[in-house]
file work_22.txt (compact mmCIF, C-alpha atoms)
# COMPACT_ATOMS: atom_id res chain seq x y z
CA MET A 43 -10.30 -10.55 -9.24
CA PRO A 44 -10.76 -13.43 -6.81
CA LEU A 45 -7.82 -14.14 -4.59
CA GLY A 46 -8.36 -17.65 -3.33
CA GLY A 47 -6.11 -19.20 -0.70
CA PRO A 48 -5.28 -17.84 2.76
CA VAL A 49 -7.06 -14.50 2.87
CA SER A 50 -8.22 -13.25 6.26
CA GLY A 51 -11.00 -10.80 7.03
CA THR A 52 -9.85 -10.15 10.59
CA MET A 53 -9.19 -6.54 11.59
CA MET A 54 -7.56 -5.29 14.78
CA THR A 55 -7.67 -1.96 16.56
CA VAL A 56 -4.59 0.19 17.07
CA SER A 57 -5.70 0.97 20.59
CA ALA A 58 -8.65 -0.38 22.54
CA GLN A 59 -8.85 2.96 24.35
CA ASP A 60 -9.66 4.87 21.16
CA PRO A 61 -13.23 4.18 19.97
CA PRO A 62 -13.79 4.41 16.19
CA PRO A 63 -15.07 7.84 15.16
CA ASP A 64 -18.55 8.31 13.70
CA SER A 65 -18.17 8.22 9.91
CA ARG A 66 -21.28 10.35 9.44
CA GLY A 67 -19.78 13.07 11.61
CA ALA A 68 -16.52 12.89 9.69
CA ALA A 69 -18.40 13.29 6.41
CA ARG A 70 -20.23 16.38 7.71
CA ASP A 71 -17.10 17.93 9.16
CA PRO A 72 -14.00 17.61 6.92
CA GLY A 73 -11.96 19.48 9.52
CA GLY A 74 -12.89 16.87 12.08
CA ALA A 75 -11.86 14.09 9.69
CA ALA A 76 -8.52 15.79 9.12
CA ALA A 77 -7.86 16.01 12.86
CA GLN A 78 -8.85 12.37 13.38
CA LYS A 79 -6.58 11.29 10.54
CA GLU A 80 -3.62 13.16 11.97
CA GLU A 81 -4.17 11.73 15.44
CA LEU A 82 -4.18 8.21 13.97
CA ARG A 83 -1.06 8.97 11.92
CA GLN A 84 0.81 10.17 15.00
CA ARG A 85 -0.05 7.00 16.94
CA ILE A 86 1.11 4.81 14.10
CA ARG A 87 4.31 6.79 13.60
CA ARG A 88 5.17 6.28 17.26
CA SER A 89 4.45 2.56 16.98
CA ARG A 90 6.58 2.22 13.85
CA ALA A 91 9.48 4.12 15.38
CA ALA A 92 9.47 1.74 18.36
CA ARG A 93 10.00 -1.39 16.23
CA THR A 94 13.46 -2.93 16.44
CA PRO A 95 15.55 -3.72 13.35
CA GLU A 96 14.94 -7.41 14.08
CA GLN A 97 11.18 -6.89 14.10
CA ARG A 98 11.35 -4.92 10.85
CA GLY A 99 13.39 -7.64 9.18
CA ALA A 100 11.01 -10.38 10.30
CA ASP A 101 8.01 -8.32 9.16
CA ALA A 102 9.55 -7.77 5.72
CA GLN A 103 10.14 -11.51 5.29
CA GLY A 104 6.55 -12.26 6.32
CA LEU A 105 5.27 -9.73 3.80
CA ALA A 106 7.41 -11.32 1.09
CA GLU A 107 6.06 -14.81 1.85
CA HIS A 108 2.42 -13.78 1.50
CA ALA A 109 3.09 -11.45 -1.42
CA THR A 110 4.73 -14.35 -3.28
CA TYR A 111 1.56 -16.41 -2.92
CA LEU A 112 -0.51 -13.52 -4.26
CA MET A 113 1.86 -12.73 -7.13
CA ARG A 114 1.94 -16.35 -8.26
CA SER A 115 -1.85 -16.59 -8.07
CA LEU A 116 -2.25 -13.51 -10.27
CA GLY A 117 0.55 -14.47 -12.64
CA GLU A 118 -0.53 -18.01 -13.51
CA ALA A 119 -1.84 -17.18 -16.98
CA LYS A 120 0.80 -14.64 -18.07
CA PRO A 121 3.86 -12.82 -16.71
CA LEU A 122 2.85 -10.54 -13.88
CA LEU A 123 2.98 -6.77 -14.28
CA MET A 124 3.14 -5.08 -10.89
CA ALA A 125 3.91 -1.71 -9.37
CA CYS A 126 5.37 -1.27 -5.88
CA TYR A 127 7.14 1.44 -3.90
CA LEU A 128 10.53 1.34 -2.18
CA ALA A 129 9.73 1.50 1.53
CA LYS A 130 11.43 3.82 4.00
CA ASP A 131 13.14 2.29 7.05
CA VAL A 132 10.15 2.69 9.39
CA GLU A 133 7.62 1.43 6.86
CA PRO A 134 6.80 -2.25 6.34
CA GLY A 135 9.70 -3.42 4.18
CA THR A 136 9.14 -4.07 0.48
CA ASP A 137 12.66 -4.94 -0.74
CA PRO A 138 12.33 -8.72 -0.09
CA LEU A 139 8.98 -8.98 -1.88
CA ILE A 140 10.33 -7.03 -4.87
CA ALA A 141 13.27 -9.45 -4.98
CA ARG A 142 10.79 -12.36 -4.96
CA ALA A 143 8.91 -10.73 -7.85
CA HIS A 144 12.11 -10.44 -9.88
CA GLY A 145 12.90 -14.06 -9.07
CA ASP A 146 9.55 -15.05 -10.56
CA HIS A 147 10.24 -12.93 -13.67
CA ALA A 148 7.58 -10.33 -12.92
CA ALA A 149 7.91 -6.86 -14.41
CA VAL A 150 8.15 -4.32 -11.58
CA TRP A 151 7.55 -0.56 -11.78
CA VAL A 152 8.54 1.77 -8.96
CA PRO A 153 7.39 5.38 -8.46
CA ARG A 154 9.09 8.71 -8.05
CA VAL A 155 7.52 12.05 -7.23
CA ARG A 156 7.31 14.67 -9.96
CA GLY A 157 5.41 17.79 -8.95
CA ASP A 158 2.10 16.73 -7.44
CA ASP A 159 2.01 13.31 -9.09
CA LEU A 160 3.86 10.03 -9.36
CA GLU A 161 5.69 8.76 -12.41
CA TRP A 162 6.84 5.17 -12.79
CA VAL A 163 10.12 3.58 -13.85
CA ALA A 164 10.91 -0.04 -14.71
CA TYR A 165 12.86 -1.36 -11.73
CA ARG A 166 15.35 -4.21 -11.99
CA PRO A 167 18.25 -5.39 -9.81
CA GLY A 168 20.91 -2.73 -10.13
CA THR A 169 18.58 0.10 -11.13
CA PRO A 170 20.14 3.29 -9.67
CA VAL A 171 18.12 5.11 -7.03
CA ALA A 172 18.31 8.53 -5.41
CA ILE A 173 16.66 9.96 -2.30
CA GLY A 174 13.63 12.04 -3.23
CA ARG A 175 12.16 15.08 -1.56
CA PHE A 176 10.24 13.03 1.03
CA GLY A 177 13.27 10.94 1.97
CA VAL A 178 12.04 8.01 -0.13
CA ARG A 179 14.31 6.06 -2.47
CA GLU A 180 13.29 6.76 -6.05
CA PRO A 181 14.48 5.08 -9.26
CA GLU A 182 16.44 6.91 -11.91
CA GLY A 183 15.85 6.37 -15.61
CA HIS A 184 13.11 6.97 -18.16
CA ALA A 185 9.51 6.98 -16.96
CA ILE A 186 6.85 4.86 -18.63
CA ARG A 187 3.82 6.43 -20.30
CA PRO A 188 0.87 6.99 -17.93
CA ALA A 189 -1.33 4.92 -20.25
CA ASP A 190 0.88 1.88 -19.58
CA LEU A 191 -0.44 1.75 -16.01
CA LEU A 192 -3.77 0.54 -17.39
CA GLY A 193 -2.14 -2.84 -18.02
CA LEU A 194 -1.16 -3.40 -14.37
CA ASP A 195 -2.16 -6.64 -12.65
CA LEU A 196 -1.11 -5.66 -9.13
CA LEU A 197 -0.52 -2.31 -7.43
CA LEU A 198 1.09 -2.31 -3.97
CA VAL A 199 0.60 1.01 -2.20
CA PRO A 200 1.91 2.39 1.10
CA GLY A 201 -0.38 3.32 3.94
CA MET A 202 -0.62 3.88 7.66
CA ALA A 203 -3.91 2.13 8.37
CA VAL A 204 -6.91 0.55 6.68
CA ASP A 205 -10.35 -0.53 7.84
CA PRO A 206 -12.62 -3.44 6.78
CA ALA A 207 -14.31 -1.30 4.11
CA GLY A 208 -10.96 -0.64 2.39
CA ARG A 209 -10.67 2.95 3.58
CA ARG A 210 -6.93 3.66 3.57
CA LEU A 211 -5.05 6.22 5.62
CA GLY A 212 -1.98 7.61 3.85
CA GLN A 213 0.64 10.17 4.81
CA GLY A 214 -1.58 13.05 3.67
CA GLY A 215 0.03 14.03 0.36
CA GLY A 216 -2.73 12.54 -1.79
CA PHE A 217 -0.34 11.05 -4.37
CA TYR A 218 -1.89 7.58 -4.36
CA ASP A 219 -5.48 8.82 -4.14
CA ARG A 220 -4.84 10.89 -7.28
CA LEU A 221 -3.29 7.85 -8.96
CA LEU A 222 -6.16 5.53 -8.02
CA ALA A 223 -8.67 8.06 -9.36
CA THR A 224 -7.16 7.51 -12.84
CA LEU A 225 -7.38 3.70 -12.79
CA PRO A 226 -10.38 1.39 -13.22
CA ARG A 227 -11.47 -0.58 -10.19
CA ASN A 228 -10.32 -4.19 -10.00
CA ASP A 229 -13.82 -5.47 -10.77
CA GLU A 230 -13.82 -3.25 -13.88
CA GLY A 231 -10.53 -4.62 -15.24
CA GLY A 232 -8.09 -2.53 -13.21
CA PRO A 233 -5.27 -3.77 -10.99
CA LEU A 234 -5.75 -5.42 -7.63
CA VAL A 235 -4.84 -2.62 -5.20
CA VAL A 236 -3.07 -3.84 -2.06
CA VAL A 237 -2.01 -1.70 0.89
CA VAL A 238 1.10 -2.88 2.76
CA LEU A 239 0.87 -2.57 6.55
CA HIS A 240 1.86 -4.00 9.90
CA ASP A 241 -0.76 -6.19 11.56
CA ASP A 242 -1.61 -3.62 14.23
CA GLU A 243 -2.44 -1.06 11.53
CA LEU A 244 -5.65 -2.88 10.59
CA VAL A 245 -8.21 -0.75 12.42
CA ASP A 246 -11.96 -0.65 12.93
CA HIS A 247 -12.51 2.67 11.16
CA VAL A 248 -10.51 5.17 9.09
CA PRO A 249 -11.98 8.69 8.79
CA THR A 250 -12.30 9.76 5.16
CA ASP A 251 -12.78 12.73 2.86
CA ASP A 252 -14.54 12.73 -0.49
CA TRP A 253 -11.28 12.36 -2.44
CA ASP A 254 -10.06 9.28 -0.54
CA ARG A 255 -9.92 6.08 -2.62
CA ARG A 256 -10.46 2.58 -1.30
CA VAL A 257 -8.20 -0.44 -1.67
CA ASP A 258 -9.02 -4.10 -2.25
CA VAL A 259 -6.68 -6.06 0.02
CA ALA A 260 -4.29 -5.49 2.93
CA LEU A 261 -0.96 -7.31 3.00
CA THR A 262 0.55 -7.72 6.47
CA PRO A 263 3.24 -10.00 7.91
CA SER A 264 0.51 -12.42 9.03
CA GLY A 265 -1.25 -12.71 5.69
CA LEU A 266 -3.68 -11.26 3.16
CA HIS A 267 -6.84 -9.53 4.34
CA ASP A 268 -9.76 -9.10 1.97
CA LEU A 269 -11.46 -5.70 2.24
CA GLY A 270 -14.63 -4.03 1.08
call {"tool": "encode", "arguments": {"input": "work_22.txt", "output": "structure tokens"}}
result
Amino acid sequence: MPLGGPVSGTMMTVSAQDPPPDSRGAARDPGGAAAQKEELRQRIRRSRAARTPEQRGADAQGLAEHATYLMRSLGEAKPLLMACYLAKDVEPGTDPLIARAHGDHAAVWVPRVRGDDLEWVAYRPGTPVAIGRFGVREPEGHAIRPADLLGLDLLLVPGMAVDPAGRRLGQGGGFYDRLLATLPRNDEGGPLVVVVLHDDELVDHVPTDDWDRRVDVALTPSGLHDLG
């Protein structure tokens, strides 16, 4: 699905002192990839923890501005159907962009963890939430049928880093990789998959394993970044 408009292909490194690992070596040595992933996660966790509340608020507003452009582009022909998570405090904030989606009459689904998978609940202003087992806010109410996800236009997923090829680094639980494995790619009629990050979490290379799934676009406070 073409994006159009202000999409950037620029990627930045987390640290100039850390050269990108050799992807061929990571593929031969899954243990090495796991160690490289965890090292990158720890750096990003430290960086996120150091952000001030003012920085987090400004970042969330920037994300909402660019997400609104994307949502309106995708929802020109029909009401938009999107799925998005409720961010934790240290993550790039998603509450303002969800509010923008509701303001534009988009249907929004939000996940909660059940066992080893995610289930999705229609989320509206006033939907009750509870803190789940990973400290994430999760909606209460009846879950939709898994087959309903096939009608999604836009899927916003959390992450810790992404590279120009769309290789996404998550927290390590595999929830979103398992979800993405069940959905068609965007060029095959599936949703546009967008990872939500800070600008300094666009990196040169993310080590991967065979089960890791790629994403289409990165959304950061500075804009939209086409991947792949």
call {"tool": "atom_distance", "arguments": {"input": "work_22.txt", "atom1": "CA of Pro95 (chain A)", "atom2": "CA of His108 (chain A)"}}
result
20.3 Å
call {"tool": "atom_distance", "arguments": {"input": "work_22.txt", "atom1": "CA of Val248 (chain A)", "atom2": "CA of Ala207 (chain A)"}}
result
9.0 Å
call {"tool": "residues_around", "arguments": {"input": "work_22.txt", "residues": "Pro263 (chain A)", "least_positions_apart": "3", "cutoff": "8 Å", "atoms": "all atoms listed in the file", "output": "PyMOL selection string"}}
result
chain A and resi 101-105+108+239-241
call {"tool": "closest_residue", "arguments": {"input": "work_22.txt", "among": "A:Asp190, A:Glu182, A:Asp195, A:Asp137", "to": "Met113 (chain A)", "atoms": "all atoms listed in the file"}}
result
A:Asp195
call {"tool": "atom_distance", "arguments": {"input": "work_22.txt", "atom1": "CA of Ala223 (chain A)", "atom2": "CA of Arg255 (chain A)"}}
result
7.1 Å
call {"tool": "residues_around", "arguments": {"input": "work_22.txt", "residues": "Arg256 (chain A)", "least_positions_apart": "6", "cutoff": "8 Å", "atoms": "only C-alpha atoms", "output": "ChimeraX atom specification"}}
result
/A:207-210
call {"tool": "closest_residue", "arguments": {"input": "work_22.txt", "among": "A:Leu211, A:Val235, A:Val204, A:Ala172", "to": "Ala75 (chain A)", "atoms": "only C-alpha atoms"}}
result
A:Leu211
call {"tool": "closest_residue", "arguments": {"input": "work_22.txt", "among": "A:Asp258, A:Gly201, A:Gly212, A:Arg142", "to": "Asp229 (chain A)", "atoms": "only C-alpha atoms"}}
result
A:Asp258
call {"tool": "closest_residue", "arguments": {"input": "work_22.txt", "among": "A:Pro167, A:Leu191, A:Tyr111, A:Asp252", "to": "Gly216 (chain A)", "atoms": "all atoms listed in the file"}}
result
A:Asp252
call {"tool": "closest_residue", "arguments": {"input": "work_22.txt", "among": "A:Ala203, A:Ile186, A:Ala149, A:Met124", "to": "Gln84 (chain A)", "atoms": "all atoms listed in the file"}}
result
A:Ala203
call {"tool": "closest_residue", "arguments": {"input": "work_22.txt", "among": "A:Ala119, A:Leu221, A:Leu198, A:Val171", "to": "Asp158 (chain A)", "atoms": "all atoms listed in the file"}}
result
A:Leu221
call {"tool": "residues_near_point", "arguments": {"input": "work_22.txt", "point": "(-20.4, -5.1, 0.8)", "cutoff": "10 Å", "atoms": "all atoms listed in the file", "output": "compact mmCIF listing (two decimals) with C-alpha atoms, keeping the file's coordinate frame"}}
result
# COMPACT_ATOMS: atom_id res chain seq x y z
CA PRO A 206 -12.62 -3.44 6.78
CA ALA A 207 -14.31 -1.30 4.11
CA LEU A 269 -11.46 -5.70 2.24
CA GLY A 270 -14.63 -4.03 1.08
call {"tool": "decode", "arguments": {"input": "work_22.txt", "residues": "region 154-174 of chain A", "atoms": "C-alpha atoms", "output": "compact mmCIF listing (two decimals), in the first residue's frame"}}
result
# COMPACT_ATOMS: atom_id res chain seq x y z
CA ARG A 154 -4.25 -8.01 25.81
CA VAL A 155 -2.12 -11.04 26.57
CA ARG A 156 -3.81 -14.41 26.92
CA GLY A 157 -1.41 -17.30 27.36
CA ASP A 158 1.24 -17.07 24.66
CA ASP A 159 -0.83 -14.96 22.28
CA LEU A 160 -2.62 -11.64 21.94
CA GLU A 161 -6.35 -11.15 21.77
CA TRP A 162 -7.97 -7.89 20.68
CA VAL A 163 -10.76 -5.76 22.12
CA ALA A 164 -12.62 -2.82 20.58
CA TYR A 165 -11.26 0.25 22.37
CA ARG A 166 -13.25 3.45 22.77
CA PRO A 167 -13.01 6.43 25.13
CA GLY A 168 -14.00 5.13 28.53
CA THR A 169 -13.16 1.47 27.85
CA PRO A 170 -12.01 0.04 31.21
CA VAL A 171 -8.41 -1.15 31.40
CA ALA A 172 -6.41 -3.24 33.84
CA ILE A 173 -2.68 -3.78 34.27
CA GLY A 174 -1.61 -7.04 32.66
